[in-house]
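Data file: run-v2.txt. Format and content: compact mmCIF, C-alpha atoms.
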```txt
# COMPACT_ATOMS: atom_id res chain seq x y z
CA MET A 1 88.39 63.69 114.95
CA MET A 2 91.34 64.25 117.31
CA ILE A 3 91.75 60.48 117.75
CA MET A 4 91.87 60.01 113.98
CA LYS A 5 94.50 62.75 113.59
CA THR A 6 96.66 61.25 116.32
CA ARG A 7 96.40 57.80 114.75
CA THR A 8 97.38 59.29 111.39
CA LYS A 9 100.63 60.64 112.85
CA PHE A 10 101.76 57.32 114.23
CA LEU A 11 100.53 55.28 111.27
CA LEU A 12 102.59 57.52 108.98
CA SER A 13 105.73 57.02 111.05
CA GLY A 14 104.97 53.31 111.36
CA ALA A 15 104.58 53.03 107.60
CA LEU A 16 108.01 54.55 107.07
CA LEU A 17 109.47 52.07 109.55
CA SER A 18 107.78 49.11 107.84
CA LEU A 19 108.88 50.22 104.39
CA ALA A 20 112.44 50.69 105.54
CA ALA A 21 112.54 47.31 107.25
CA SER A 22 111.00 45.45 104.29
CA SER A 23 113.33 47.20 101.84
CA HIS A 24 116.33 46.20 103.92
CA GLY A 25 115.20 42.61 103.85
CA ALA A 26 115.00 42.55 100.05
CA GLU A 27 117.84 40.89 98.11
CA ASP A 28 120.81 43.29 97.90
CA ASN A 29 118.51 46.12 99.00
CA GLN A 30 118.82 47.60 95.49
CA LEU A 31 116.61 49.96 93.49
CA PHE A 32 117.65 51.71 90.25
CA GLY A 33 121.31 51.16 91.07
CA GLY A 34 121.01 52.55 94.58
CA THR A 35 120.12 51.28 98.04
CA ILE A 36 117.01 51.87 100.14
CA ASN A 37 117.62 52.97 103.73
CA GLY A 38 115.39 53.95 106.62
CA ASN A 39 115.64 55.59 110.00
CA VAL A 40 113.17 55.97 112.87
CA ASN A 41 113.73 58.40 115.73
CA PHE A 42 111.88 58.80 119.04
CA ALA A 43 112.65 62.04 120.89
CA SER A 44 111.42 64.16 123.77
CA ASP A 45 111.13 67.20 121.46
CA TYR A 46 111.81 68.31 117.88
CA VAL A 47 114.04 71.39 117.94
CA PHE A 48 114.83 73.08 114.63
CA ARG A 49 117.28 75.99 114.68
CA GLY A 50 116.53 76.69 118.32
CA GLU A 51 112.75 76.46 117.95
CA SER A 52 110.63 73.74 119.55
CA GLU A 53 108.35 72.31 116.86
CA THR A 54 106.10 70.83 119.55
CA LEU A 55 104.81 73.98 121.26
CA ASP A 56 107.53 74.15 123.93
CA GLY A 57 108.01 70.39 124.24
CA ASP A 58 104.32 69.75 124.84
CA ILE A 59 104.48 66.32 123.15
CA PRO A 60 107.23 63.83 122.24
CA VAL A 61 107.92 63.09 118.58
CA VAL A 62 108.12 60.07 116.32
CA GLN A 63 110.10 60.74 113.15
CA GLY A 64 110.84 58.61 110.12
CA THR A 65 113.11 58.93 107.09
CA LEU A 66 113.04 56.71 104.01
CA SER A 67 115.77 57.37 101.43
CA TRP A 68 117.38 56.09 98.25
CA ASN A 69 121.15 56.48 97.94
CA HIS A 70 123.32 55.93 94.87
CA ASN A 71 127.07 55.23 94.98
CA GLN A 72 127.65 58.25 92.74
CA GLY A 73 126.34 60.51 95.49
CA TRP A 74 122.77 61.08 94.33
CA TYR A 75 120.04 60.59 96.91
CA ALA A 76 116.33 61.25 97.44
CA GLY A 77 113.76 60.49 100.08
CA VAL A 78 111.15 61.76 102.49
CA PHE A 79 111.22 62.78 106.14
CA SER A 80 108.13 62.92 108.36
CA SER A 81 107.44 64.02 111.93
CA ASN A 82 104.53 64.91 114.13
CA ILE A 83 104.61 68.57 115.26
CA LYS A 84 102.49 70.97 117.31
CA PHE A 85 102.05 74.72 116.92
CA ALA A 86 99.56 77.36 118.03
CA ASP A 87 97.91 76.80 114.63
CA PRO A 88 95.92 73.56 115.20
CA ASN A 89 96.25 72.67 111.50
CA LEU A 90 100.01 72.20 111.88
CA GLU A 91 100.17 68.62 113.13
CA ILE A 92 102.48 66.86 110.66
CA VAL A 93 105.43 67.88 108.50
CA THR A 94 106.28 65.70 105.51
CA ALA A 95 109.46 66.70 103.74
CA PRO A 96 110.55 65.20 100.42
CA PHE A 97 114.18 65.87 99.49
CA ILE A 98 116.66 65.27 96.68
CA GLY A 99 120.37 65.97 96.56
CA LYS A 100 123.93 65.17 95.53
CA ALA A 101 126.91 64.63 97.83
CA GLY A 102 130.55 64.01 97.01
CA GLU A 103 134.13 65.26 97.19
CA PHE A 104 135.93 68.01 95.31
CA GLY A 105 138.47 65.83 93.49
CA ASP A 106 141.05 64.47 95.94
CA SER A 107 141.05 67.60 98.09
CA GLY A 108 139.38 65.97 101.08
CA PHE A 109 136.72 68.69 101.01
CA THR A 110 133.18 67.34 100.70
CA TYR A 111 130.01 68.95 99.40
CA ASP A 112 126.30 68.30 99.84
CA VAL A 113 123.60 70.09 97.83
CA MET A 114 119.98 69.32 98.67
CA LEU A 115 116.50 70.63 97.93
CA PHE A 116 114.28 70.12 101.00
CA SER A 117 110.56 70.95 100.96
CA TYR A 118 108.52 71.42 104.14
CA LEU A 119 104.96 70.28 103.43
CA TYR A 120 102.21 70.60 106.02
CA PRO A 121 99.08 68.52 105.29
CA GLY A 122 96.03 70.56 106.23
CA ALA A 123 98.09 73.76 106.34
CA SER A 124 99.53 74.08 102.84
CA TYR A 125 99.69 77.86 103.26
CA SER A 126 102.83 77.25 105.37
CA ASN A 127 104.66 75.12 102.78
CA TYR A 128 108.12 76.27 101.66
CA THR A 129 111.41 74.94 100.23
CA GLU A 130 115.06 75.45 101.12
CA LEU A 131 118.29 74.80 99.21
CA TRP A 132 120.81 73.25 101.63
CA LEU A 133 124.46 73.88 100.71
CA LYS A 134 127.20 72.26 102.79
CA VAL A 135 130.98 72.05 102.52
CA GLY A 136 132.98 69.92 104.96
CA LYS A 137 136.43 68.61 105.84
CA GLN A 138 137.64 65.70 107.97
CA PHE A 139 140.59 66.36 110.30
CA GLY A 140 141.47 62.99 111.80
CA ARG A 141 138.65 62.25 114.26
CA ALA A 142 137.27 65.77 113.92
CA ASN A 143 134.92 67.04 111.24
CA LEU A 144 133.80 70.56 110.37
CA GLN A 145 130.94 71.54 108.07
CA LEU A 146 129.82 74.94 106.84
CA GLU A 147 126.16 75.34 105.93
CA VAL A 148 124.46 78.07 103.90
CA THR A 149 120.75 77.38 103.39
CA PRO A 150 118.58 79.94 101.56
CA THR A 151 114.83 79.66 101.08
CA VAL A 152 113.66 79.09 97.50
CA ASP A 153 110.23 80.65 98.07
CA ASP A 154 108.44 82.53 100.88
CA TRP A 155 109.66 81.38 104.30
CA PHE A 156 106.93 79.39 106.09
CA GLY A 157 104.52 80.73 103.48
CA VAL A 158 104.70 84.32 104.76
CA ASP A 159 104.37 86.65 101.77
CA GLY A 160 107.61 88.48 101.01
CA TRP A 161 109.69 86.81 103.74
CA HIS A 162 112.93 85.10 102.78
CA GLY A 163 115.58 83.45 104.91
CA VAL A 164 119.15 82.22 104.83
CA ASN A 165 120.53 79.98 107.57
CA TYR A 166 124.28 80.21 108.19
CA ALA A 167 125.80 77.56 110.45
CA LEU A 168 128.97 75.73 111.50
CA HIS A 169 128.72 72.05 112.51
CA PRO A 170 131.81 70.68 114.31
CA SER A 171 132.06 67.12 115.63
CA TYR A 172 134.61 64.77 117.17
CA SER A 173 134.51 60.97 117.52
CA PHE A 174 136.29 59.28 120.44
CA ASP A 175 137.86 55.80 120.53
CA ASN A 176 135.06 54.48 122.75
CA GLY A 177 132.41 55.29 120.14
CA VAL A 178 131.13 58.44 121.82
CA LYS A 179 130.65 61.36 119.45
CA ILE A 180 130.39 64.99 120.51
CA SER A 181 128.77 67.30 117.99
CA ALA A 182 127.55 70.86 117.97
CA SER A 183 126.05 73.55 115.79
CA VAL A 184 126.14 77.32 115.95
CA GLY A 185 124.28 79.43 113.44
CA TYR A 186 122.17 82.41 112.52
CA GLN A 187 118.80 82.24 110.81
CA ASP A 188 118.63 85.44 108.80
CA LEU A 189 115.10 86.52 107.94
CA THR A 190 114.13 89.45 105.72
CA GLY A 191 110.80 91.04 104.85
CA GLU A 192 108.37 93.48 106.44
CA GLY A 193 108.26 92.76 110.20
CA ALA A 194 110.85 89.97 109.96
CA GLU A 195 113.83 89.46 112.26
CA GLY A 196 116.51 86.76 112.42
CA TRP A 197 117.94 84.91 115.41
CA GLY A 198 120.99 82.99 116.57
CA HIS A 199 120.78 79.33 117.55
CA TRP A 200 123.10 76.61 118.83
CA ASN A 201 123.21 73.10 120.21
CA ILE A 202 125.76 70.69 121.65
CA GLY A 203 125.37 67.01 122.48
CA LEU A 204 126.73 63.52 122.91
CA SER A 205 125.71 60.44 120.94
CA LYS A 206 126.65 56.77 121.01
CA ALA A 207 125.50 53.59 119.28
CA TYR A 208 124.59 50.74 121.60
CA TYR A 209 123.00 47.40 120.64
CA GLY A 210 121.99 48.73 117.23
CA LEU A 211 120.38 51.87 118.62
CA ASN A 212 121.80 55.39 118.58
CA PHE A 213 121.31 57.45 121.75
CA ASP A 214 121.58 61.25 121.63
CA LEU A 215 121.54 63.78 124.48
CA ARG A 216 121.54 67.41 123.31
CA TYR A 217 121.27 70.93 124.72
CA HIS A 218 119.64 73.63 122.54
CA GLY A 219 119.62 77.41 122.89
CA SER A 220 118.85 80.59 120.95
CA THR A 221 119.02 84.39 121.11
CA VAL A 222 115.25 84.90 120.83
CA ASP A 223 113.78 86.99 123.65
CA SER A 224 110.49 88.72 124.44
CA ASP A 225 111.38 91.65 122.16
CA HIS A 226 111.65 89.53 119.03
CA LYS A 227 109.54 90.92 116.19
CA VAL A 228 108.36 87.53 114.97
CA TYR A 229 108.02 85.45 118.14
CA GLY A 230 107.37 88.06 120.81
CA THR A 231 104.08 86.46 121.91
CA GLN A 232 105.39 82.88 122.13
CA THR A 233 109.11 83.04 122.87
CA GLU A 234 108.85 80.06 125.24
CA ILE A 235 109.25 77.79 122.20
CA PHE A 236 112.82 79.12 121.99
CA ASP A 237 113.71 78.49 125.63
CA ASP A 238 116.92 76.57 126.31
CA ARG A 239 116.14 72.86 126.58
CA VAL A 240 117.62 69.36 126.75
CA VAL A 241 116.39 66.79 124.24
CA ILE A 242 116.82 63.03 124.48
CA GLY A 243 116.55 60.92 121.33
CA ILE A 244 116.77 57.22 120.42
CA SER A 245 117.04 56.21 116.76
CA LYS A 246 117.39 53.07 114.69
CA SER A 247 118.68 52.81 111.13
CA PHE A 248 117.88 50.05 108.64
```
Would you give me this structure, written as structure tokens?
Amino acid sequence: MMIMKTRTKFLLSGALLSLAASSHGAEDNQLFGGTINGNVNFASDYVFRGESETLDGDIPVVQGTLSWNHNQGWYAGVFSSNIKFADPNLEIVTAPFIGKAGEFGDSGFTYDVMLFSYLYPGASYSNYTELWLKVGKQFGRANLQLEVTPTVDDWFGVDGWHGVNYALHPSYSFDNGVKISASVGYQDLTGEGAEGWGHWNIGLSKAYYGLNFDLRYHGSTVDSDHKVYGTQTEIFDDRVVIGISKSF
């Protein structure tokens, strides 16, 4: 049974890669007036808002994204990754999404509105959806984005818990192709027994021979007194993550 589950993880990621590659090879790469794009990422860990999604980096991850993008800013797709938690049923996250991105007139300020659902096969009791809201501005080689992301339903399926993630995402691109990017935020969490936490990351990335390499440091404010994670705070320990991705 464990062998079958492990194979399922990698077959799912491999399927996304194959679909993305075959779509790219199609004439004009067009579908319903938009283009099909794919991305595959291999990383030493999957850190989301300061939290290791692989039980403190116990396993590496293979992640895939397949998306449709229209020139009017509409987009939709699905993201998938293997994960590992104390709950043995949480082995895969599959996340369909749909959104609209664009610019406020000629102001130079951009927006991005997206519905993103976290679906856990075999553990549907943890499913939930967030509404991602982003506003950004380019300043020469620098970019700054503000994110406000509320949950649409119960956070991680916990009855009565709701969250809002507030974050700033600055970045700067150098002449040599190196990009430095960071994020600092606070995951607010409300409900009986709930408690929020701060999180941040900073890293360097660069494209080389068609691959994108990313080296990133993650941290958070979670400690052993946290109401939610007091028994497993090691998943919030500071850590360095190395990733290699390829887009199609």
Trp197 in chain A environment, 6 Å, only C-alpha atoms, sequence neighbours closer than 2 positions dropped, as a list in words: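 Returned residues: Tyr186, Gln187 and Thr221 of chain A.
The coordinates place CA of Lys137 in chain A at 20.0 Å from CA of Gly203 in chain A.
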Nearest to Ile59 in chain A, chosen from A:Leu31, A:Asn143, A:Asn165, A:Glu91, with all atoms listed in the file counted in the distances: A:Glu91
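Between Ser220 in chain A and the candidates A:Ser245, A:Ser52, A:Asn39, A:Thr65, the tightest atom-to-atom separation, counting only C-alpha atoms, involves A:Ser52.
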Interatomic distance (Å, one decimal) between CA of Phe248 in chain A and CA of Tyr209 in chain A: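 Taking CA of Phe248 in chain A and CA of Tyr209 in chain A, their separation equals 13.3 Å.
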Pick from A:Ser126, A:Ile244, A:Phe109, A:Arg216 nearest to Val61 in chain A, counting all atoms listed in the file: A:Ile244
Distance of CA of Ser117 in chain A from CA of Asn71 in chain A, expressed in Å to one decimal place: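 That distance, rounded to one decimal, is 23.6 Å.
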Of the listed residues A:Arg239, A:His162, A:His169, A:His226, that which approaches Leu144 in chain A most closely, counting all atoms listed in the file: A:His169
Neighbour list for Leu131 in chain A as a list in words, cut-off 7 Å, all atoms listed in the file, skip fewer than 6 positions in-chain: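 So the residues in contact are Met114, Leu115, Phe116, Thr149, Pro150, Thr151 and Val152 of chain A.
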Taking C-alpha atoms for each residue, export the selection above as a tab-separated table (two decimals), keeping the file's coordinate frame.
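Written output follows (again_25.tsv):
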```
chain	number	residue	atom	x	y	z
A	114	MET	CA	119.98	69.32	98.67
A	115	LEU	CA	116.50	70.63	97.93
A	116	PHE	CA	114.28	70.12	101.00
A	149	THR	CA	120.75	77.38	103.39
A	150	PRO	CA	118.58	79.94	101.56
A	151	THR	CA	114.83	79.66	101.08
A	152	VAL	CA	113.66	79.09	97.50
```
Nearby residues (all atoms listed in the file) at most 10 Å from Asp223 in chain A, same-chain spacing under 5 positions excluded, as a PyMOL selection string: chain A and resi 197+229-234+236-237
For Ser124 in chain A: contacts at 12 Å, only C-alpha atoms, fewer than 4 positions along chain excluded, given as a tab-separated table (two decimals) with C-alpha atoms, in the coordinates of the input:
```tsv
chain	number	residue	atom	x	y	z
A	89	ASN	CA	96.25	72.67	111.50
A	90	LEU	CA	100.01	72.20	111.88
A	91	GLU	CA	100.17	68.62	113.13
A	92	ILE	CA	102.48	66.86	110.66
A	93	VAL	CA	105.43	67.88	108.50
A	94	THR	CA	106.28	65.70	105.51
A	117	SER	CA	110.56	70.95	100.96
A	118	TYR	CA	108.52	71.42	104.14
A	119	LEU	CA	104.96	70.28	103.43
A	120	TYR	CA	102.21	70.60	106.02
A	128	TYR	CA	108.12	76.27	101.66
A	156	PHE	CA	106.93	79.39	106.09
A	157	GLY	CA	104.52	80.73	103.48
A	158	VAL	CA	104.70	84.32	104.76
```
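Distances from A:Gly50, A:Gly108, A:Asp56, A:Gly34 to Val222 in chain A were compared using only C-alpha atoms, and the smallest one belongs to A:Gly50.
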Give me the residues near Gln63 in chain A as a compact mmCIF listing (two decimals) with C-alpha atoms, keeping the file's coordinate frame, where near means some atom within 7 Å (using all atoms listed in the file) and where sequence neighbours in that chain fewer than 4 positions away do not count.
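The resulting file, part-v4.txt, is reproduced below:
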```txt
# COMPACT_ATOMS: atom_id res chain seq x y z
CA SER A 13 105.73 57.02 111.05
CA VAL A 40 113.17 55.97 112.87
CA ASN A 41 113.73 58.40 115.73
CA PHE A 42 111.88 58.80 119.04
CA SER A 80 108.13 62.92 108.36
CA SER A 81 107.44 64.02 111.93
```
Nearest residue to Val178 in chain A from the set A:Phe213, A:Phe32, A:Trp68, A:Phe97 (distances using all atoms listed in the file):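 Result for the nearest residue to Val178 in chain A: A:Phe213.
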Taking every listed atom of range 183-199 of chain A and adding 3 Å to each side, what centre and edge lengths in Å (one decimal) does the axis-aligned box have, as AutoDock Vina command-line options?
```
--center_x 117.2 --center_y 83.5 --center_z 111.2 --size_x 23.9 --size_y 25.9 --size_z 18.7
```
